[in-house]
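What follows is run-v7.txt (compact mmCIF, C-alpha atoms and all ligand atoms).
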```txt
# COMPACT_ATOMS: atom_id res chain seq x y z
CA MET A 1 -30.56 34.83 -26.90
CA LYS A 2 -31.52 37.32 -29.56
CA ASN A 3 -29.73 40.62 -28.94
CA ILE A 4 -26.00 40.51 -29.59
CA THR A 5 -23.62 43.43 -29.17
CA VAL A 6 -20.15 43.39 -30.72
CA ILE A 7 -17.55 45.84 -29.44
CA GLY A 8 -14.88 46.82 -31.98
CA ALA A 9 -15.47 47.14 -35.72
CA GLY A 10 -12.04 45.99 -36.94
CA THR A 11 -11.38 42.82 -38.95
CA MET A 12 -12.52 40.41 -36.23
CA GLY A 13 -15.39 42.58 -34.95
CA ASN A 14 -16.94 43.07 -38.36
CA GLY A 15 -16.60 39.35 -39.13
CA ILE A 16 -18.30 38.43 -35.83
CA ALA A 17 -21.10 40.97 -36.42
CA HIS A 18 -21.49 39.55 -39.95
CA VAL A 19 -21.99 35.93 -38.87
CA PHE A 20 -24.43 36.77 -36.06
CA ALA A 21 -26.48 39.06 -38.35
CA GLN A 22 -26.50 36.45 -41.13
CA SER A 23 -27.81 33.87 -38.63
CA GLY A 24 -30.80 36.07 -37.77
CA PHE A 25 -29.61 37.74 -34.56
CA THR A 26 -30.17 41.43 -33.91
CA VAL A 27 -26.66 42.89 -33.81
CA LYS A 28 -25.41 46.19 -32.42
CA LEU A 29 -21.90 47.03 -33.51
CA ILE A 30 -19.98 49.53 -31.36
CA ASP A 31 -16.80 51.44 -32.11
CA VAL A 32 -15.38 54.77 -31.03
CA SER A 33 -15.47 56.31 -34.51
CA GLU A 34 -18.27 56.61 -37.07
CA ALA A 35 -15.68 56.17 -39.82
CA SER A 36 -14.64 52.71 -38.48
CA LEU A 37 -18.29 51.68 -38.22
CA GLN A 38 -19.00 52.76 -41.81
CA LYS A 39 -15.90 50.91 -43.02
CA ALA A 40 -17.09 47.76 -41.18
CA ILE A 41 -20.56 47.91 -42.76
CA ASP A 42 -18.96 48.41 -46.19
CA THR A 43 -16.74 45.35 -45.61
CA ILE A 44 -19.68 43.20 -44.49
CA SER A 45 -21.68 44.36 -47.51
CA LYS A 46 -18.78 43.49 -49.86
CA ASN A 47 -18.34 40.04 -48.28
CA LEU A 48 -22.09 39.43 -48.61
CA ASP A 49 -21.93 40.53 -52.29
CA ARG A 50 -19.27 37.90 -52.87
CA MET A 51 -21.54 35.26 -51.29
CA VAL A 52 -24.47 36.39 -53.47
CA ALA A 53 -22.25 36.24 -56.59
CA LYS A 54 -21.29 32.66 -55.67
CA GLU A 55 -24.98 31.83 -55.06
CA LYS A 56 -24.28 30.88 -51.43
CA ILE A 57 -26.97 33.33 -50.27
CA THR A 58 -29.71 35.25 -52.10
CA ALA A 59 -29.87 39.03 -52.54
CA ALA A 60 -32.84 38.99 -50.13
CA GLU A 61 -30.69 37.25 -47.49
CA LYS A 62 -28.04 39.93 -47.96
CA THR A 63 -30.65 42.64 -47.37
CA ALA A 64 -32.01 40.81 -44.31
CA THR A 65 -28.48 40.43 -42.88
CA LEU A 66 -27.72 44.14 -43.25
CA SER A 67 -31.10 45.06 -41.74
CA ASN A 68 -30.16 43.07 -38.59
CA LEU A 69 -27.20 45.42 -38.00
CA THR A 70 -27.14 48.81 -36.30
CA THR A 71 -24.12 50.83 -35.21
CA PHE A 72 -23.34 52.83 -32.07
CA THR A 73 -20.49 54.98 -30.80
CA SER A 74 -21.78 54.88 -27.19
CA LEU A 75 -20.95 51.70 -25.26
CA ALA A 76 -23.65 52.34 -22.64
CA GLU A 77 -26.30 52.70 -25.36
CA GLY A 78 -25.08 49.74 -27.41
CA VAL A 79 -25.00 47.17 -24.57
CA LYS A 80 -28.10 48.17 -22.64
CA ASN A 81 -30.41 45.43 -24.00
CA ALA A 82 -27.77 42.83 -24.81
CA ASP A 83 -28.16 39.12 -24.08
CA LEU A 84 -24.54 38.55 -25.13
CA VAL A 85 -21.73 41.03 -25.67
CA VAL A 86 -18.68 39.94 -27.68
CA GLU A 87 -15.72 42.23 -27.17
CA ALA A 88 -13.32 42.37 -30.14
CA ALA A 89 -11.36 45.54 -29.40
CA THR A 90 -7.62 46.03 -29.86
CA GLU A 91 -5.51 43.36 -28.13
CA ASN A 92 -4.46 45.52 -25.18
CA VAL A 93 -4.96 44.27 -21.65
CA ASP A 94 -5.67 47.67 -20.03
CA LEU A 95 -8.16 48.58 -22.75
CA LYS A 96 -9.97 45.25 -22.46
CA CYS A 97 -10.13 45.50 -18.66
CA LYS A 98 -11.64 48.99 -18.94
CA ILE A 99 -14.19 47.85 -21.55
CA PHE A 100 -15.24 44.95 -19.28
CA ARG A 101 -15.72 47.29 -16.33
CA ASP A 102 -17.89 49.54 -18.54
CA MET A 103 -19.80 46.57 -20.00
CA ASP A 104 -20.45 45.25 -16.49
CA ALA A 105 -21.83 48.64 -15.44
CA HIS A 106 -24.18 49.05 -18.41
CA ALA A 107 -25.23 45.60 -19.72
CA PRO A 108 -28.22 43.78 -18.15
CA ALA A 109 -27.22 41.69 -15.11
CA SER A 110 -28.20 38.51 -17.00
CA ALA A 111 -25.96 39.23 -20.03
CA ILE A 112 -23.02 37.00 -20.89
CA LEU A 113 -19.83 38.98 -21.49
CA ALA A 114 -17.49 37.29 -23.99
CA THR A 115 -14.09 38.32 -25.29
CA ASN A 116 -12.51 37.43 -28.62
CA THR A 117 -9.02 37.86 -27.15
CA SER A 118 -6.37 35.71 -28.79
CA SER A 119 -4.19 35.44 -25.69
CA ILE A 120 -5.14 37.66 -22.74
CA SER A 121 -6.26 35.79 -19.60
CA ILE A 122 -10.06 35.35 -19.42
CA THR A 123 -9.73 35.02 -15.63
CA LYS A 124 -8.03 38.41 -15.38
CA ILE A 125 -10.68 40.04 -17.58
CA ALA A 126 -13.50 38.35 -15.62
CA ALA A 127 -12.06 39.65 -12.35
CA GLN A 128 -12.83 43.20 -13.56
CA THR A 129 -16.55 42.44 -13.33
CA LYS A 130 -19.08 41.53 -10.65
CA ARG A 131 -20.18 38.53 -12.77
CA PRO A 132 -17.06 36.38 -13.36
CA THR A 133 -19.24 33.25 -13.78
CA GLN A 134 -20.76 34.95 -16.87
CA VAL A 135 -17.45 35.90 -18.54
CA ILE A 136 -16.02 33.61 -21.21
CA GLY A 137 -13.64 33.56 -24.19
CA MET A 138 -15.22 33.26 -27.63
CA HIS A 139 -12.20 33.15 -29.93
CA PHE A 140 -13.17 33.33 -33.60
CA MET A 141 -10.62 32.78 -36.38
CA ASN A 142 -9.87 35.12 -39.29
CA PRO A 143 -11.62 35.32 -41.78
CA VAL A 144 -14.59 34.84 -39.45
CA PRO A 145 -17.25 34.16 -42.13
CA VAL A 146 -15.09 31.31 -43.51
CA MET A 147 -13.38 29.63 -40.54
CA LYS A 148 -15.46 27.04 -38.71
CA LEU A 149 -13.78 27.09 -35.29
CA VAL A 150 -14.83 28.94 -32.15
CA GLU A 151 -12.35 28.29 -29.34
CA VAL A 152 -14.53 28.58 -26.22
CA ILE A 153 -12.30 29.45 -23.28
CA ARG A 154 -13.48 28.91 -19.72
CA GLY A 155 -12.02 31.30 -17.19
CA TYR A 156 -11.36 30.13 -13.64
CA SER A 157 -14.95 30.96 -12.59
CA THR A 158 -16.95 30.51 -15.82
CA SER A 159 -20.11 28.48 -15.12
CA ASP A 160 -21.17 25.27 -16.91
CA GLU A 161 -24.44 26.93 -17.89
CA VAL A 162 -22.73 29.88 -19.60
CA THR A 163 -20.34 27.52 -21.41
CA GLN A 164 -23.31 25.48 -22.61
CA THR A 165 -25.13 28.60 -23.85
CA VAL A 166 -22.06 29.76 -25.79
CA PHE A 167 -21.73 26.29 -27.32
CA GLU A 168 -25.35 26.38 -28.51
CA LEU A 169 -24.94 29.90 -29.89
CA SER A 170 -21.78 28.97 -31.78
CA ARG A 171 -23.62 26.05 -33.39
CA LYS A 172 -26.42 28.42 -34.46
CA LEU A 173 -23.72 30.32 -36.37
CA ALA A 174 -22.81 27.03 -38.12
CA LYS A 175 -19.49 27.05 -36.25
CA VAL A 176 -17.81 24.24 -34.34
CA PRO A 177 -17.15 25.19 -30.69
CA VAL A 178 -14.24 23.58 -28.84
CA GLU A 179 -13.91 23.91 -25.06
CA VAL A 180 -10.51 24.80 -23.64
CA ASN A 181 -9.17 26.07 -20.34
CA ASP A 182 -7.61 29.43 -19.59
CA TYR A 183 -3.82 29.10 -19.86
CA PRO A 184 -1.44 31.24 -21.96
CA GLY A 185 -2.28 31.08 -25.68
CA PHE A 186 -5.21 28.71 -24.93
CA VAL A 187 -4.87 25.91 -27.54
CA ALA A 188 -4.94 27.64 -30.96
CA ASN A 189 -2.12 30.08 -30.38
CA ARG A 190 -0.09 27.85 -28.07
CA ILE A 191 0.39 25.55 -31.04
CA LEU A 192 0.21 28.00 -33.97
CA MET A 193 2.60 30.70 -32.71
CA PRO A 194 5.58 28.43 -31.93
CA MET A 195 5.20 27.04 -35.48
CA ILE A 196 5.21 30.55 -36.97
CA ASN A 197 8.15 31.54 -34.73
CA GLU A 198 10.09 28.46 -35.85
CA ALA A 199 9.41 29.35 -39.50
CA ILE A 200 10.83 32.84 -38.84
CA TYR A 201 13.90 31.32 -37.12
CA THR A 202 14.34 29.02 -40.14
CA LEU A 203 14.46 32.12 -42.38
CA PHE A 204 16.63 34.08 -39.90
CA GLU A 205 19.22 31.30 -39.76
CA GLY A 206 19.34 31.06 -43.57
CA VAL A 207 18.07 27.51 -43.76
CA ALA A 208 15.71 28.47 -46.59
CA GLY A 209 14.02 31.47 -48.20
CA VAL A 210 10.48 32.82 -47.69
CA GLU A 211 8.94 31.02 -50.66
CA GLU A 212 10.74 27.76 -49.90
CA ILE A 213 9.59 27.68 -46.25
CA ASP A 214 5.99 28.44 -47.19
CA THR A 215 5.98 25.97 -50.08
CA VAL A 216 7.24 23.16 -47.81
CA MET A 217 4.37 23.75 -45.38
CA LYS A 218 1.70 24.31 -48.08
CA LEU A 219 2.54 21.34 -50.27
CA GLY A 220 4.10 19.10 -47.61
CA MET A 221 1.54 19.60 -44.86
CA ALA A 222 -1.51 20.79 -46.84
CA HIS A 223 -1.70 24.12 -45.01
CA PRO A 224 -3.78 26.65 -47.00
CA MET A 225 -1.13 29.32 -46.34
CA GLY A 226 2.54 28.90 -45.44
CA PRO A 227 3.49 30.06 -41.91
CA LEU A 228 5.20 33.27 -43.12
CA GLN A 229 2.22 34.28 -45.25
CA LEU A 230 -0.07 33.42 -42.34
CA ALA A 231 2.06 35.58 -40.00
CA ASP A 232 1.64 38.49 -42.45
CA PHE A 233 -2.12 37.80 -42.60
CA ILE A 234 -2.49 37.74 -38.78
CA GLY A 235 -0.18 40.77 -38.34
CA LEU A 236 3.43 40.51 -37.16
CA ASP A 237 2.70 42.78 -34.18
CA VAL A 238 -0.10 40.42 -33.10
CA CYS A 239 2.21 37.38 -33.48
CA LEU A 240 4.89 39.11 -31.40
CA SER A 241 2.46 40.08 -28.69
CA ILE A 242 1.06 36.52 -28.43
CA LEU A 243 4.60 35.05 -28.28
CA ASN A 244 5.40 37.49 -25.47
CA VAL A 245 2.30 36.27 -23.58
CA LEU A 246 3.50 32.64 -24.00
CA HIS A 247 7.08 33.56 -23.02
CA ASP A 248 5.98 35.52 -19.93
CA GLY A 249 3.26 33.04 -18.96
CA PHE A 250 5.36 29.86 -19.13
CA GLY A 251 8.82 31.38 -18.54
CA GLN A 252 10.41 28.98 -21.02
CA PRO A 253 13.02 30.03 -23.62
CA LYS A 254 11.32 27.95 -26.31
CA TYR A 255 8.68 30.70 -26.64
CA ALA A 256 11.20 33.56 -27.04
CA PRO A 257 10.25 35.54 -30.17
CA CYS A 258 12.79 35.37 -33.01
CA PRO A 259 14.91 38.57 -33.14
CA LEU A 260 13.95 38.97 -36.82
CA LEU A 261 10.26 39.18 -35.85
CA VAL A 262 11.09 41.77 -33.16
CA ASN A 263 13.07 43.85 -35.67
CA MET A 264 10.35 43.71 -38.31
CA VAL A 265 7.73 44.93 -35.83
CA MET A 266 10.04 47.74 -34.67
CA ALA A 267 10.52 48.72 -38.33
CA GLY A 268 6.75 48.88 -38.82
CA GLN A 269 6.75 45.94 -41.26
CA LEU A 270 3.58 44.33 -39.92
CA GLY A 271 2.41 42.24 -42.88
CA VAL A 272 -0.77 42.76 -44.91
CA LYS A 273 -2.02 45.70 -42.84
CA SER A 274 1.16 47.78 -43.38
CA GLY A 275 1.59 46.66 -47.00
CA GLN A 276 4.78 44.71 -46.27
CA GLY A 277 6.06 41.87 -44.12
CA PHE A 278 7.65 38.71 -45.49
CA TYR A 279 5.74 39.54 -48.69
CA GLN A 280 4.67 42.87 -50.17
CA TYR A 281 1.03 43.62 -50.81
CA ALA A 282 -0.30 45.92 -53.52
CA ALA A 283 -3.92 47.04 -53.11
CA GLY A 284 -6.25 44.97 -55.27
CA SER A 285 -3.59 42.39 -56.21
CA LYS A 286 -3.74 38.75 -55.12
CA ASP A 287 -0.16 38.06 -56.32
CA LEU A 288 2.19 36.83 -53.61
CA VAL A 289 5.44 38.81 -54.03
CA VAL A 290 8.36 38.27 -51.65
CA ALA A 291 9.45 41.52 -49.93
CA PRO A 292 12.68 43.00 -51.43
CA LYS A 293 14.59 42.37 -48.16
CA PHE A 294 14.04 38.61 -48.52
CA LYS A 295 14.52 38.32 -52.31
CA LYS A 296 17.48 36.18 -53.28
N1 LIG A 301 -14.95 37.10 -45.76
C1 LIG A 301 -15.78 36.23 -46.32
N2 LIG A 301 -15.39 35.25 -47.15
C2 LIG A 301 -14.09 35.18 -47.44
C3 LIG A 301 -13.14 36.08 -46.90
C4 LIG A 301 -13.63 37.08 -46.02
N3 LIG A 301 -12.82 37.96 -45.44
N4 LIG A 301 -11.90 35.75 -47.38
C5 LIG A 301 -12.07 34.69 -48.18
N5 LIG A 301 -13.38 34.34 -48.21
C6 LIG A 301 -13.98 33.19 -48.91
C7 LIG A 301 -13.94 33.34 -50.41
O1 LIG A 301 -15.10 33.97 -50.87
C8 LIG A 301 -13.89 31.88 -50.85
O2 LIG A 301 -15.18 31.31 -50.81
P1 LIG A 301 -15.57 30.00 -51.70
O3 LIG A 301 -14.84 28.84 -51.11
O4 LIG A 301 -17.04 29.91 -51.52
O5 LIG A 301 -15.13 30.30 -53.08
C9 LIG A 301 -13.08 31.20 -49.78
O6 LIG A 301 -13.14 32.05 -48.63
C10 LIG A 301 -11.65 31.06 -50.22
O7 LIG A 301 -11.17 32.34 -50.58
P2 LIG A 301 -10.25 32.64 -51.82
O8 LIG A 301 -10.57 31.72 -52.96
O9 LIG A 301 -10.25 34.12 -52.08
O10 LIG A 301 -8.79 32.39 -51.30
P3 LIG A 301 -8.14 31.11 -50.70
O11 LIG A 301 -8.66 29.84 -51.30
O12 LIG A 301 -6.70 31.41 -50.77
O13 LIG A 301 -8.61 31.08 -49.16
C11 LIG A 301 -8.38 31.71 -46.90
C12 LIG A 301 -8.42 32.20 -48.33
C13 LIG A 301 -9.74 31.17 -46.48
C14 LIG A 301 -8.02 32.91 -46.03
C15 LIG A 301 -7.30 30.54 -46.80
O14 LIG A 301 -6.09 30.98 -47.34
C16 LIG A 301 -7.06 30.09 -45.39
O15 LIG A 301 -7.80 29.29 -44.84
N6 LIG A 301 -5.96 30.58 -44.76
C17 LIG A 301 -5.61 30.25 -43.40
C18 LIG A 301 -6.46 31.07 -42.47
C19 LIG A 301 -6.13 30.81 -41.04
O16 LIG A 301 -5.30 30.00 -40.66
N7 LIG A 301 -6.80 31.56 -40.17
C20 LIG A 301 -6.58 31.51 -38.76
C21 LIG A 301 -5.61 32.60 -38.41
S1 LIG A 301 -5.25 32.60 -36.69
C22 LIG A 301 -6.50 33.49 -36.02
O17 LIG A 301 -7.37 34.03 -36.67
C23 LIG A 301 -6.54 33.57 -34.56
C24 LIG A 301 -5.51 34.26 -33.82
O18 LIG A 301 -5.70 34.38 -32.63
C25 LIG A 301 -4.23 34.77 -34.38
```
If you took the structure in this file and wrote it as structure tokens, what would it be?
Amino acid sequence: MKNITVIGAGTMGNGIAHVFAQSGFTVKLIDVSEASLQKAIDTISKNLDRMVAKEKITAAEKTATLSNLTTFTSLAEGVKNADLVVEAATENVDLKCKIFRDMDAHAPASAILATNTSSISITKIAAQTKRPTQVIGMHFMNPVPVMKLVEVIRGYSTSDEVTQTVFELSRKLAKVPVEVNDYPGFVANRILMPMINEAIYTLFEGVAGVEEIDTVMKLGMAHPMGPLQLADFIGLDVCLSILNVLHDGFGQPKYAPCPLLVNMVMAGQLGVKSGQGFYQYAAGSKDLVVAPKFKK
């Protein structure tokens, strides 16, 4: 395993490309637009600068990491020599199925095809290909360079050998792989999203305010971010879509998304990426300011 291709240059894709490149792999990063690719390289460069400033890596290691990365707008070109492809495109089932059909057509027959999906069925994605034993979930956490976990999700047909290879690769990235089976939300989001949803219900029902709910969880449970801040960080649209997968997949009312979350997504209040969610975000500021709607 030497040649890694990452599809999608957004937050997760650029983080995944970063960690593979920093661990010495040759990485091809693919996206549909040159502008997104340039933005991803700039982000990786900035994150590496921060690591150099903190003396976690040397300037030479930064240069070596960037030299391991090349960018492509053509999927066929970008996957043609891949040993492993990690798909990190937008969380849309039709889009992912199409990408997997294209990857299957153009990547070497021996390549492992992984998806970073946070909730879409690996088995469904694998069924789009002629190599379902070589399709697997490789679910990284945001921010990828910092978070240690890789949730390794076995689809219905994923082979032991492929699972073992992905485990070894994850360890080479200094990550901790955890094996889970393919059911709605896997493990991470099956547990995380109901907690976030409950925090939103707690706000919706007026039990406590935004800061109070987050402070209880930060100081009471030693979470680095409160659940409402974390929801903003993940993206409220992403949280809603994962809750819908849990609700549809299990058919149980306990997974029904809180109406406040649904309204916020309809209003375009998506958290950090839209500048406002439960908090409001000013570019360049690290201050946590409660959004006017939720101020007391
Ligand atoms: N890239 C690289 N490094 C980063 C980074 C990034 N994007 N963001 C932060 N860092 C580094 C900082 O440089 C810093 O490094 P040092 O420890 O060496 O100083 C470290 O992370 C901490 O950063 P900060 O001091 O700026 O801020 P912080 O202490 O508040 O930590 C955080 C930031 C790591 C994001 C922390 O708040 C945290 O762990 N939050 C929870 C994150 C979480 O739960 N992620 C999972 C989300 S769920 C998911 O991803 C999956 C899904 O399917 C929805």
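Restricting the calculation to only C-alpha atoms and all ligand atoms, the smallest distance between ligand LIG 301 (chain A) and any of A:Leu84, A:Val52, A:Val27, A:Ala126 is found for A:Val52.
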Nearest-residue call for ligand LIG 301 (chain A), choices A:Ala127, A:Cys239, A:Leu228, A:Leu95, using all atoms listed in the file:
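The answer is A:Cys239, which sits nearest to ligand LIG 301 (chain A).
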Which residue, A:Lys56, A:Glu205, A:Ile16, A:Val176, has the smallest gap to A:Thr115 when you use only C-alpha atoms?
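Closest to A:Thr115 of all the choices is A:Ile16.
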Can you write out as a tab-separated table which residues of chain A fall within 8 Å of ligand LIG 301 (chain A), alongside each residue's closest atom pair and its distance in Å to one decimal, counting all atoms listed in the file and ordering rows by chain and ascending residue number?
```
residue	atom	partner	partner_atom	distance
A:Gly15	CA	A:LIG301	N1	7.2
A:Ile44	CA	A:LIG301	N1	7.8
A:Asn47	CA	A:LIG301	C1	5.0
A:Leu48	CA	A:LIG301	C1	7.4
A:Arg50	CA	A:LIG301	O1	6.1
A:Met51	CA	A:LIG301	O1	6.6
A:Lys54	CA	A:LIG301	O4	6.5
A:Lys56	CA	A:LIG301	O4	7.3
A:Thr117	CA	A:LIG301	O18	7.3
A:Ser118	CA	A:LIG301	O18	4.1
A:Ser119	CA	A:LIG301	O18	7.2
A:His139	CA	A:LIG301	O18	7.1
A:Phe140	CA	A:LIG301	O17	6.6
A:Met141	CA	A:LIG301	O17	3.5
A:Asn142	CA	A:LIG301	O17	3.8
A:Pro143	CA	A:LIG301	N3	4.7
A:Val144	CA	A:LIG301	N1	6.7
A:Pro145	CA	A:LIG301	C1	4.9
A:Val146	CA	A:LIG301	N2	5.4
A:Met147	CA	A:LIG301	N7	6.9
A:Ala188	CA	A:LIG301	O18	7.0
A:Asn189	CA	A:LIG301	O18	6.0
A:Leu192	CA	A:LIG301	S1	7.6
A:His223	CA	A:LIG301	C17	7.4
A:Pro224	CA	A:LIG301	O14	4.9
A:Met225	CA	A:LIG301	N6	5.2
A:Leu230	CA	A:LIG301	C17	6.5
A:Phe233	CA	A:LIG301	C21	7.5
A:Ile234	CA	A:LIG301	C25	5.6
A:Val238	CA	A:LIG301	C25	7.1
A:Cys239	CA	A:LIG301	C25	7.0
```
With all atoms listed in the file as the atoms that count, which of A:Ile191, A:Leu173, A:Met1, A:Cys258 lies nearest to A:His18?
A:Leu173
Work out how far apart atom CA of A:Thr43 and atom CA of A:Thr65 are and give it in Å to one decimal.
13.0 Å
